[in-house]
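Everything below belongs to entry.txt, which stores compact mmCIF, C-alpha atoms.
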```
# COMPACT_ATOMS: atom_id res chain seq x y z
CA MET Z 1 21.74 -33.62 17.89
CA THR Z 2 18.89 -36.02 17.20
CA MET Z 3 16.14 -37.11 19.53
CA LYS Z 4 16.31 -40.75 20.51
CA LYS Z 5 13.28 -42.93 20.52
CA ALA Z 6 12.37 -44.11 23.97
CA GLU Z 7 12.69 -47.79 24.60
CA ASN Z 8 12.50 -47.83 28.35
CA GLY Z 9 10.17 -44.98 29.18
CA ILE Z 10 10.60 -41.27 29.29
CA THR Z 11 13.10 -39.44 31.44
CA VAL Z 12 11.74 -36.67 33.63
CA ASN Z 13 14.44 -34.71 35.43
CA LEU Z 14 13.62 -32.55 38.42
CA VAL Z 15 16.34 -29.91 38.45
CA SER Z 16 17.14 -28.30 41.77
CA ARG Z 17 17.58 -24.61 42.44
CA GLN Z 18 21.20 -25.26 43.46
CA LYS Z 19 21.97 -26.92 40.14
CA LEU Z 20 20.45 -24.02 38.20
CA GLU Z 21 22.29 -21.45 40.25
CA GLN Z 22 25.61 -22.97 39.14
CA PHE Z 23 24.92 -21.66 35.63
CA ASP Z 24 24.85 -18.21 34.16
CA SER Z 25 21.93 -17.51 31.81
CA LYS Z 26 23.69 -18.70 28.69
CA GLN Z 27 24.84 -21.94 30.29
CA LYS Z 28 21.41 -22.54 31.76
CA LEU Z 29 19.70 -22.21 28.39
CA GLN Z 30 22.28 -24.46 26.74
CA PHE Z 31 21.77 -27.07 29.48
CA ILE Z 32 17.99 -26.96 28.97
CA LEU Z 33 18.21 -27.16 25.19
CA ASP Z 34 20.69 -30.05 25.30
CA GLU Z 35 18.46 -32.02 27.67
CA VAL Z 36 15.26 -31.30 25.76
CA GLN Z 37 16.85 -32.18 22.42
CA GLU Z 38 17.75 -35.53 23.94
CA GLY Z 39 14.04 -36.04 24.56
CA LYS Z 40 14.00 -35.38 28.29
CA VAL Z 41 11.35 -33.50 30.21
CA LEU Z 42 12.70 -31.05 32.78
CA VAL Z 43 10.97 -29.67 35.84
CA LEU Z 44 12.94 -26.67 37.07
CA GLU Z 45 12.61 -25.77 40.74
CA HIS Z 46 13.31 -22.16 39.79
CA GLY Z 47 12.10 -21.20 36.36
CA LEU Z 48 13.45 -18.75 33.84
CA THR Z 49 13.09 -14.99 33.82
CA PRO Z 50 11.00 -13.55 30.97
CA MET Z 51 14.20 -12.42 29.23
CA GLU Z 52 15.63 -15.93 29.53
CA GLN Z 53 12.39 -17.44 28.26
CA THR Z 54 12.50 -15.16 25.23
CA GLU Z 55 16.11 -16.07 24.59
CA LEU Z 56 15.22 -19.76 24.94
CA ILE Z 57 12.49 -19.38 22.29
CA LYS Z 58 15.00 -17.68 20.00
CA ARG Z 59 17.63 -20.36 20.56
CA THR Z 60 14.99 -23.06 20.06
CA MET Z 61 14.06 -21.60 16.68
CA GLU Z 62 17.71 -21.69 15.68
CA GLU Z 63 17.93 -25.37 16.62
CA ILE Z 64 14.76 -26.66 14.97
CA GLN Z 65 15.34 -29.59 12.63
CA GLU Z 66 12.31 -30.50 10.60
CA ASP Z 67 12.22 -34.23 11.36
CA THR Z 68 13.99 -34.48 14.69
CA PHE Z 69 13.30 -31.38 16.79
CA ILE Z 70 10.19 -29.26 16.24
CA GLY Z 71 10.57 -27.06 19.29
CA ILE Z 72 9.70 -26.97 22.97
CA GLU Z 73 6.68 -26.97 25.20
CA MET Z 74 7.17 -24.74 28.22
CA GLU Z 75 4.86 -23.81 31.05
CA GLY Z 76 5.68 -22.10 34.29
CA TYR Z 77 4.77 -19.45 36.77
CA ALA Z 78 6.17 -15.95 36.67
CA GLU Z 79 7.98 -14.51 39.64
CA GLU Z 80 5.79 -13.09 42.35
CA LYS Z 81 5.55 -9.33 42.26
CA PRO Z 82 7.92 -7.79 44.81
CA SER Z 83 6.45 -5.56 47.45
CA PHE Z 84 7.23 -1.86 47.64
CA VAL Z 85 9.85 -2.43 50.32
CA GLN Z 86 11.46 -5.24 48.31
CA LYS Z 87 11.65 -2.96 45.27
CA ILE Z 88 13.36 -0.28 47.32
CA LEU Z 89 15.80 -2.80 48.77
CA GLY Z 90 16.43 -4.31 45.35
CA ILE Z 91 15.22 -7.76 46.36
CA VAL Z 92 14.49 -9.81 43.26
CA ARG Z 93 12.10 -12.73 43.46
CA LYS Z 94 13.01 -15.61 41.23
CA PRO Z 95 10.56 -17.22 38.80
CA ARG Z 96 8.83 -20.25 40.15
CA MET Z 97 8.59 -23.82 38.93
CA THR Z 98 8.69 -24.43 35.18
CA VAL Z 99 8.26 -27.55 33.09
CA ILE Z 100 10.01 -27.78 29.72
CA GLY Z 101 10.09 -30.62 27.22
CA PRO Z 102 10.15 -31.46 23.53
CA ALA Z 103 7.04 -30.14 21.77
CA ASP Z 104 6.24 -33.51 20.19
CA LEU Z 105 6.45 -35.25 23.55
CA LEU Z 106 5.07 -32.86 26.13
CA HIS Z 107 1.63 -31.28 25.80
CA THR Z 108 -0.01 -28.81 28.16
CA VAL Z 109 -3.53 -29.83 29.08
CA SER Z 110 -4.42 -26.95 31.35
CA LYS Z 111 -2.87 -24.31 33.53
CA ASP Z 112 -4.24 -22.14 36.28
CA SER Z 113 -2.72 -20.27 39.18
CA ASN Z 114 -2.29 -23.46 41.20
CA MET Z 115 -1.57 -26.28 38.80
CA ILE Z 116 -0.03 -27.01 35.45
CA GLN Z 117 -1.43 -30.19 33.94
CA THR Z 118 0.64 -31.75 31.17
CA LYS Z 119 0.47 -34.93 29.17
CA ILE Z 120 3.46 -36.90 27.95
CA ILE Z 121 2.89 -38.69 24.65
CA PRO Z 122 4.74 -42.02 24.81
CA GLY Z 123 6.84 -43.25 21.93
CA LYS Z 124 9.39 -40.50 21.75
CA GLY Z 125 11.97 -39.07 24.05
CA ALA Z 126 14.85 -40.51 26.02
CA MET M 1 19.22 12.65 38.92
CA LEU M 2 18.75 16.37 39.37
CA LEU M 3 15.95 17.82 41.45
CA LEU M 4 15.34 21.54 41.64
CA PHE M 5 13.66 23.12 44.63
CA LYS M 6 13.01 26.78 45.27
CA GLY M 7 16.34 28.33 44.49
CA TYR M 8 18.40 25.27 45.35
CA HIS M 9 19.33 22.21 43.39
CA LEU M 10 20.43 18.84 44.63
CA ILE M 11 23.20 16.98 42.85
CA ASP M 12 24.43 13.69 44.21
CA GLY M 13 23.13 14.44 47.68
CA THR M 14 24.65 17.92 47.88
CA LEU M 15 22.59 21.11 47.88
CA HIS M 16 23.76 24.00 45.73
CA LYS M 17 22.32 27.49 45.36
CA SER M 18 20.75 28.14 42.01
CA GLY M 19 18.74 30.74 40.16
CA PHE M 20 15.97 28.28 39.28
CA HIS M 21 12.54 28.27 40.89
CA LEU M 22 11.22 25.00 39.56
CA CYS M 23 9.73 22.02 41.30
CA LEU M 24 9.13 18.54 39.85
CA HIS M 25 6.91 16.12 41.70
CA ALA M 26 6.48 12.40 41.19
CA ASP M 27 2.70 12.70 40.80
CA PHE M 28 3.12 14.52 37.52
CA TRP M 29 4.44 11.36 35.95
CA MET M 30 2.55 8.13 35.55
CA ASP M 31 5.33 5.59 35.51
CA PRO M 32 6.26 2.30 37.21
CA THR M 33 9.35 3.92 38.62
CA ASP M 34 7.29 6.16 40.86
CA TYR M 35 8.46 4.29 43.89
CA ILE M 36 12.02 5.37 43.14
CA LEU M 37 10.91 8.98 42.95
CA LEU M 38 8.97 8.54 46.14
CA PHE M 39 12.07 7.25 47.82
CA LEU M 40 14.14 10.13 46.44
CA LYS M 41 11.48 12.60 47.49
CA LYS M 42 11.49 11.35 51.06
CA PHE M 43 15.24 11.29 51.14
CA THR M 44 15.43 14.80 49.70
CA ALA M 45 12.79 16.08 52.10
CA LYS M 46 14.84 14.91 55.04
CA LEU M 47 17.96 16.45 53.59
CA ILE M 48 16.28 19.79 52.93
CA LYS M 49 14.69 19.80 56.36
CA HIS M 50 18.14 19.24 57.80
CA LYS M 51 19.96 21.78 55.61
CA LEU M 52 17.37 24.53 55.19
CA ASN M 53 15.06 23.93 58.13
CA THR M 54 12.13 24.03 55.67
CA ASN M 55 9.51 21.39 54.99
CA ILE M 56 9.66 20.14 51.40
CA GLU M 57 5.90 19.48 51.54
CA ASP M 58 5.26 23.18 52.05
CA ILE M 59 7.24 23.95 48.93
CA LEU M 60 5.52 21.24 46.91
CA ILE M 61 2.02 22.18 48.06
CA SER M 62 2.49 25.86 47.35
CA ARG M 63 3.86 25.16 43.89
CA ARG M 64 1.12 22.66 43.11
CA LYS M 65 -1.60 25.06 44.23
CA ASP M 66 -0.18 27.68 41.93
CA TRP M 67 -0.22 25.35 38.95
CA MET M 68 -3.56 23.73 39.73
CA GLY M 69 -5.20 27.10 40.18
CA LEU M 70 -4.08 28.12 36.75
CA PHE M 71 -4.80 25.00 34.76
CA GLY M 72 -6.64 22.29 36.72
CA ARG M 73 -5.25 18.77 37.05
CA SER M 74 -6.36 17.24 33.75
CA LYS M 75 -5.24 20.24 31.74
CA LEU M 76 -2.01 20.22 33.68
CA SER M 77 -1.29 16.57 32.87
CA SER M 78 -2.23 17.20 29.24
CA MET M 79 0.13 20.16 29.18
CA MET M 80 2.89 18.09 30.75
CA ARG M 81 2.38 15.43 28.09
CA ARG M 82 2.55 18.08 25.38
CA ILE M 83 5.78 19.33 26.86
CA PHE M 84 7.38 16.03 27.70
CA GLY M 85 5.33 13.51 25.69
CA LYS M 86 6.30 11.89 22.45
CA LYS M 87 5.27 12.93 18.97
CA HIS M 88 6.57 9.83 17.30
CA ALA M 89 6.79 6.21 18.41
CA ARG M 90 7.70 2.90 16.82
CA ILE M 91 5.06 0.36 17.76
CA GLY M 92 5.42 -3.39 17.32
CA ILE M 93 2.33 -5.52 16.80
CA TYR M 94 3.10 -8.75 18.62
CA GLY M 95 1.36 -11.96 19.56
CA PRO M 96 1.16 -15.69 18.87
CA PRO M 97 0.36 -16.91 15.34
CA ASN M 98 -3.23 -16.58 14.06
CA VAL M 99 -4.49 -14.03 16.59
CA GLY M 100 -5.09 -11.37 13.92
CA LYS M 101 -1.96 -9.22 14.05
CA THR M 102 -1.87 -8.50 10.32
CA THR M 103 -5.65 -8.07 10.20
CA LEU M 104 -5.29 -5.42 12.90
CA ALA M 105 -2.32 -3.81 11.14
CA ASN M 106 -4.39 -3.68 7.94
CA ARG M 107 -7.29 -2.13 9.86
CA ILE M 108 -5.06 0.60 11.30
CA LEU M 109 -3.48 1.38 7.95
CA GLN M 110 -6.79 1.33 6.09
CA ASP M 111 -8.29 3.74 8.63
CA TRP M 112 -5.41 6.21 8.55
CA THR M 113 -3.54 5.82 5.27
CA GLY M 114 -5.77 3.72 3.01
CA ASP M 115 -2.92 1.24 2.63
CA ILE M 116 -2.62 -2.39 3.73
CA MET M 117 0.17 -4.11 5.64
CA GLY M 118 0.06 -7.68 4.32
CA THR M 119 -1.96 -10.73 3.41
CA VAL M 120 -3.90 -12.73 5.97
CA SER M 121 -4.57 -16.45 6.04
CA GLU M 122 -6.01 -19.10 8.31
CA VAL M 123 -2.74 -21.02 7.91
CA PRO M 124 -0.47 -20.09 10.82
CA HIS M 125 2.72 -18.11 10.19
CA GLU M 126 1.35 -16.28 7.15
CA THR M 127 3.52 -13.29 8.13
CA ARG M 128 7.09 -14.56 8.18
CA LYS M 129 8.96 -11.30 7.76
CA ALA M 130 8.42 -8.17 9.80
CA VAL M 131 6.89 -5.30 7.82
CA CYS M 132 7.23 -1.67 8.91
CA LYS M 133 5.05 1.21 7.76
CA LYS M 134 6.45 4.58 8.72
CA ASN M 135 4.82 7.81 9.80
CA VAL M 136 1.25 6.65 10.26
CA LYS M 137 -0.55 9.57 11.88
CA ILE M 138 -3.27 8.54 14.31
CA GLU M 139 -5.58 11.22 15.66
CA ASN M 140 -8.18 11.36 18.38
CA GLY M 141 -9.82 14.64 19.33
CA GLY M 142 -7.04 17.16 19.78
CA SER M 143 -4.33 14.52 20.23
CA SER M 144 -2.29 12.81 17.59
CA LEU M 145 0.75 10.60 17.33
CA TYR M 146 2.96 9.58 14.44
CA MET M 147 3.77 5.90 14.55
CA ASP M 148 6.04 3.54 12.70
CA ILE M 149 3.96 0.38 12.83
CA VAL M 150 5.82 -2.92 12.72
CA ASP M 151 3.76 -6.02 11.94
CA THR M 152 5.80 -8.91 13.32
CA PRO M 153 5.64 -12.66 12.64
CA GLY M 154 3.80 -14.65 15.30
CA ILE M 155 5.90 -15.90 18.19
CA SER M 156 5.68 -19.58 19.06
CA THR M 157 7.81 -22.15 20.84
CA LYS M 158 7.44 -24.78 18.13
CA VAL M 159 7.10 -25.00 14.36
CA ASP M 160 6.13 -28.33 12.83
CA TYR M 161 5.96 -28.50 9.05
CA LYS M 162 3.72 -31.60 9.28
CA GLU M 163 0.98 -29.42 10.79
CA PHE M 164 0.88 -27.36 7.60
CA MET M 165 0.57 -30.54 5.56
CA ASN M 166 -1.89 -32.47 7.66
CA THR M 167 -4.13 -29.67 8.88
CA PHE M 168 -3.98 -27.15 6.07
CA GLY M 169 -3.24 -29.28 3.02
CA LEU M 170 0.02 -27.66 1.95
CA THR M 171 2.48 -29.75 -0.04
CA LYS M 172 5.51 -31.17 1.72
CA GLN M 173 7.81 -28.73 -0.03
CA GLU M 174 5.57 -25.76 0.74
CA SER M 175 5.25 -26.87 4.35
CA LYS M 176 8.97 -27.27 4.87
CA GLN M 177 9.67 -23.90 3.29
CA ARG M 178 6.97 -22.26 5.41
CA ALA M 179 8.32 -23.87 8.58
CA LYS M 180 11.85 -22.73 7.83
CA GLU M 181 10.72 -19.18 7.17
CA ALA M 182 8.48 -19.26 10.27
CA THR M 183 11.42 -20.07 12.55
CA GLU M 184 13.37 -17.20 11.04
CA GLY M 185 10.31 -14.98 11.52
CA VAL M 186 10.10 -15.77 15.24
CA ILE M 187 13.77 -14.85 15.64
CA GLU M 188 13.21 -11.61 13.73
CA SER M 189 10.22 -10.74 15.94
CA ILE M 190 12.28 -11.21 19.07
CA ARG M 191 15.09 -9.06 17.65
CA TRP M 192 12.62 -6.27 16.90
CA LEU M 193 11.85 -6.01 20.62
CA GLU M 194 15.13 -4.11 20.90
CA ASP M 195 13.93 -1.45 18.49
CA VAL M 196 10.35 -0.63 19.42
CA ASP M 197 9.06 2.04 21.77
CA GLY M 198 5.86 0.21 22.64
CA VAL M 199 3.93 -2.94 21.87
CA LEU M 200 0.40 -3.61 20.76
CA LEU M 201 0.01 -7.17 22.01
CA VAL M 202 -2.76 -8.97 20.16
CA MET M 203 -4.54 -11.83 21.90
CA ASP M 204 -7.36 -14.02 20.68
CA ALA M 205 -10.34 -13.32 22.95
CA THR M 206 -11.77 -16.75 22.17
CA GLN M 207 -8.70 -18.54 23.57
CA ASP M 208 -7.17 -19.15 26.99
CA PRO M 209 -5.04 -16.04 27.65
CA PHE M 210 -2.54 -17.80 29.94
CA THR M 211 -0.45 -19.28 27.17
CA GLN M 212 3.26 -19.35 27.78
CA VAL M 213 3.89 -17.18 24.74
CA ASN M 214 1.54 -14.45 26.03
CA VAL M 215 3.05 -14.62 29.50
CA THR M 216 6.61 -14.61 28.14
CA ILE M 217 6.02 -11.63 25.83
CA LEU M 218 4.32 -9.66 28.58
CA GLY M 219 7.04 -10.46 31.11
CA ASN M 220 9.68 -9.44 28.60
CA LEU M 221 7.97 -6.12 27.90
CA GLU M 222 7.59 -5.43 31.61
CA ALA M 223 11.28 -6.17 32.16
CA ARG M 224 12.15 -3.74 29.38
CA ASN M 225 9.74 -1.16 30.78
CA LEU M 226 8.04 -0.92 27.40
CA PRO M 227 4.48 0.40 27.34
CA VAL M 228 2.06 -2.29 26.27
CA LEU M 229 -1.53 -2.26 25.16
CA ILE M 230 -3.43 -5.53 24.84
CA ALA M 231 -5.88 -5.81 21.96
CA ALA M 232 -8.44 -8.48 22.81
CA ASN M 233 -9.22 -9.40 19.22
CA LYS M 234 -12.00 -11.42 17.60
CA ILE M 235 -14.81 -10.13 19.80
CA ASP M 236 -17.10 -10.57 16.80
CA MET M 237 -16.89 -14.31 17.52
CA GLU M 238 -19.65 -15.78 19.66
CA ASP M 239 -17.35 -17.54 22.10
CA SER M 240 -15.11 -14.55 22.74
CA SER M 241 -14.57 -13.41 26.30
CA PRO M 242 -12.66 -10.11 26.54
CA ALA M 243 -13.56 -9.96 30.24
CA THR M 244 -11.37 -13.02 30.81
CA LEU M 245 -8.46 -11.19 29.23
CA LYS M 246 -9.09 -8.11 31.31
CA SER M 247 -9.12 -10.09 34.51
CA ALA M 248 -6.04 -12.07 33.46
CA PHE M 249 -3.89 -8.99 32.92
CA PRO M 250 -5.28 -6.25 35.16
CA GLN M 251 -1.96 -4.38 35.17
CA HIS M 252 -2.28 -3.50 31.47
CA PRO M 253 -4.94 -1.70 29.43
CA VAL M 254 -7.05 -4.21 27.52
CA ILE M 255 -9.18 -3.00 24.60
CA PRO M 256 -11.75 -5.41 23.15
CA ILE M 257 -11.81 -5.07 19.36
CA SER M 258 -12.69 -6.79 16.16
CA ALA M 259 -9.91 -6.09 13.69
CA LEU M 260 -12.03 -7.78 11.04
CA THR M 261 -15.10 -5.53 11.39
CA GLY M 262 -13.40 -2.50 12.93
CA TYR M 263 -15.64 -2.65 16.00
CA ASN M 264 -14.29 -0.49 18.84
CA SER M 265 -11.28 0.66 16.85
CA GLU M 266 -11.90 4.29 17.95
CA ASP M 267 -11.29 3.27 21.56
CA LEU M 268 -8.15 1.45 20.51
CA TYR M 269 -6.75 4.53 18.74
CA SER M 270 -7.55 6.75 21.69
CA VAL M 271 -5.71 4.47 24.12
CA MET M 272 -2.83 3.98 21.68
CA ILE M 273 -2.21 7.73 21.61
CA GLU M 274 -2.46 7.91 25.39
CA GLN M 275 -0.33 4.84 26.07
CA PHE M 276 2.35 5.26 23.42
CA GLY M 277 2.53 9.03 23.50
CA ARG M 278 4.01 9.07 26.94
CA LYS M 279 7.65 9.80 27.28
CA ARG M 280 9.51 7.23 29.27
CA ARG M 281 12.41 8.35 31.37
CA TRP M 282 14.40 5.17 31.36
CA ARG M 283 14.36 1.86 29.66
CA ARG M 284 16.06 -1.42 30.42
CA ARG M 285 17.30 -3.34 27.40
```
Would you put the structure from the file into structure tokens?
Amino acid sequence: MTMKKAENGITVNLVSRQKLEQFDSKQKLQFILDEVQEGKVLVLEHGLTPMEQTELIKRTMEEIQEDTFIGIEMEGYAEEKPSFVQKILGIVRKPRMTVIGPADLLHTVSKDSNMIQTKIIPGKGA
Amino acid sequence: MLLLFKGYHLIDGTLHKSGFHLCLHADFWMDPTDYILLFLKKFTAKLIKHKLNTNIEDILISRRKDWMGLFGRSKLSSMMRRIFGKKHARIGIYGPPNVGKTTLANRILQDWTGDIMGTVSEVPHETRKAVCKKNVKIENGGSSLYMDIVDTPGISTKVDYKEFMNTFGLTKQESKQRAKEATEGVIESIRWLEDVDGVLLVMDATQDPFTQVNVTILGNLEARNLPVLIAANKIDMEDSSPATLKSAFPQHPVIPISALTGYNSEDLYSVMIEQFGRKRRWRRR
């Protein structure tokens, strides 16, 4: 799959929790990789678990094409730590918002506990 | 889960008479699963109170007093580690590219075996294949630990061959080859996570610690319940800030070091033995 050059701007998709919950982990990662390889920037309402993030990095490395896809830029917030009671009851908190895009299009400017600031470089993407 | 209490043992919620007089208590173990033990302890206490009409706390306190009187708490925990701790561990050196993983691996090997792990370079992704050195004995005082040390390729979310050309002056062919091998190296690093007992996570103390790679690796290790020690490297640099790293990851031990000069390596070895010598009771893969 090759990344298309943007002619009419860059697509930024805000993906809802409900949409993400339709997928299992494998499907979710495939969905993200397909979208990012098309040059889209995704903002996920619920991010990826650390295991999913690691798998996404691995899958990304397998997909890298030297002139068309150099990898991803990904920033997000980890899940909040569950309280003692939640641990006992087995309540799992899901990771929070995450932004993912093609590495040659999306650049992280700064990140702190309240805000992720990114910059989109025009000229590429879908 | 089997708990033994004063002549009785509990299997699957049922008490059975037994010849054992042994008591295990959650405090003897330093582990993230303590809350599970605490829950089990409370549950068991209620069950024993109901079945035997005896307070579990009385049993625990009397047993603990016996042990503490004989050995003292620190000696007791040291003894427990000698009994239940590990003698050998496979440790992966992880981190993003160019944080000094191989420099640190070389430092460890030079200090304990006189060997070196691999070449270092300012060009990212110099290490593109994992290298393992077996049976490296690290000592500190009366403690020691044999380690298989795995120096892994740097983990990143992108590899652009043009960066090697434009920033570091490599030829196009060299750059493309390096990029290809780098992607394979990242995959190999991730695969090695399945086969290590603990991780020495190297971070650059001059850089922002909240990179996605750092956060992802740490989250992954926590999910696997792997012991992790953060080496805040490059503290010989003027703009380094190991305190920032410590405050960023307060849940993990952070040791400021200079792998290049060897500064503070004694502290690192001491904490490595402590951190990686522990026996873990369960692990999620």
Next item on the list: Determine which residues of chain Z sit within 6 Å of chain M, taking into account all atoms listed in the file, and present them as a VMD selection string.
Entry: chain Z and resid 50 to 51 57 to 58 61 70 to 72 75
Find the residues around M:Gly141 up to 12 Å (all atoms listed in the file counted), leave out those fewer than 6 positions away in its own chain, and share them as a compact mmCIF listing (two decimals) with C-alpha atoms, in the coordinates of the input.
```txt
# COMPACT_ATOMS: atom_id res chain seq x y z
CA GLU M 266 -11.90 4.29 17.95
CA ASP M 267 -11.29 3.27 21.56
CA TYR M 269 -6.75 4.53 18.74
CA SER M 270 -7.55 6.75 21.69
CA VAL M 271 -5.71 4.47 24.12
CA ILE M 273 -2.21 7.73 21.61
CA GLU M 274 -2.46 7.91 25.39
```
Checklist line | Between atom CA of M:Leu260 and atom CA of M:Arg107 - distance in Å to one decimal | finding: 7.5 Å
Next item on the list: Would you kindly return, as a PyMOL selection string, each protein, DNA or RNA residue with an atom no farther than 12 Å from any atom of M:Glu238, considering only C-alpha atoms and excluding same-chain residues fewer than 6 positions away?
Entry: chain M and resi 205-207+258
Note to self: Excluding Z:Met74 and its own-chain neighbours fewer than 5 positions away, which residues fall within 12 Å of it when counting only C-alpha atoms? Please give them as a PyMOL selection string.
What the structure shows: (chain Z and resi 32-33+36+41-44+47-48+53-54+56-57+60+97-109+111+116-118) or (chain M and resi 156-158+211-216)
Z:Glu21: which residues within 10 Å, counting all atoms listed in the file, same-chain residues fewer than 5 positions away excluded, as a PDB file with C-alpha atoms, in the frame of the given file?
```pdb
ATOM      1  CA  SER Z  16      17.140 -28.300  41.770  1.00  0.00           C
ATOM      2  CA  LYS Z  28      21.410 -22.540  31.760  1.00  0.00           C
ATOM      3  CA  HIS Z  46      13.310 -22.160  39.790  1.00  0.00           C
TER       4      HIS Z  46
END
```
Next item on the list: Quick one: pull the distance between atom CA of M:Glu181 and atom CA of M:Glu163, Å, one decimal.
Entry: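 Interatomic distance, atom CA of M:Glu181 to atom CA of M:Glu163: 14.6 Å.
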Item checked: For atom CA of Z:Ile120 and atom CA of Z:Phe69, the interatomic separation in Å (one decimal) ->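 Taking atom CA of Z:Ile120 as the start and atom CA of Z:Phe69 as the end point, the length is 15.9 Å.
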Check: Of the candidates M:His252, M:Lys101, M:Lys87, M:Lys172, which shows the shortest atom-to-atom distance to M:Ile138, using only C-alpha atoms?
Finding: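 Checking each candidate against M:Ile138, we get M:Lys87 as the closest.
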Next item on the list: Rank nothing, just name the residue among M:Asn166, M:Leu104, M:Glu139, M:Ile255 nearest to M:Ala243, using only C-alpha atoms.
Entry: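 Looking only at the distances to M:Ala243, the closest residue turns out to be M:Ile255.
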Margin query: I'd like the contact shell of Z:Gln30 - 9 Å cut-off, all atoms listed in the file, skipping same-chain residues fewer than 5 positions apart - returned as a list of chain:residue names.
Written below: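 Returned residues: Z:Ser25, Z:Glu35, Z:Leu56, Z:Arg59.
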Go ahead and write the residues just picked, C-alpha atoms, as a compact mmCIF listing (two decimals), keeping the file's coordinate frame.
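New file result-v1.txt:
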```txt
# COMPACT_ATOMS: atom_id res chain seq x y z
CA SER Z 25 21.93 -17.51 31.81
CA GLU Z 35 18.46 -32.02 27.67
CA LEU Z 56 15.22 -19.76 24.94
CA ARG Z 59 17.63 -20.36 20.56
```
Margin query: Taking only C-alpha atoms into account, name the residue in Z:Ala78, Z:Met115, Z:Val85, Z:Ile64 that is nearest to Z:Thr49.
Written below: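 Of the candidates, the smallest distance to Z:Thr49 is held by Z:Ala78.
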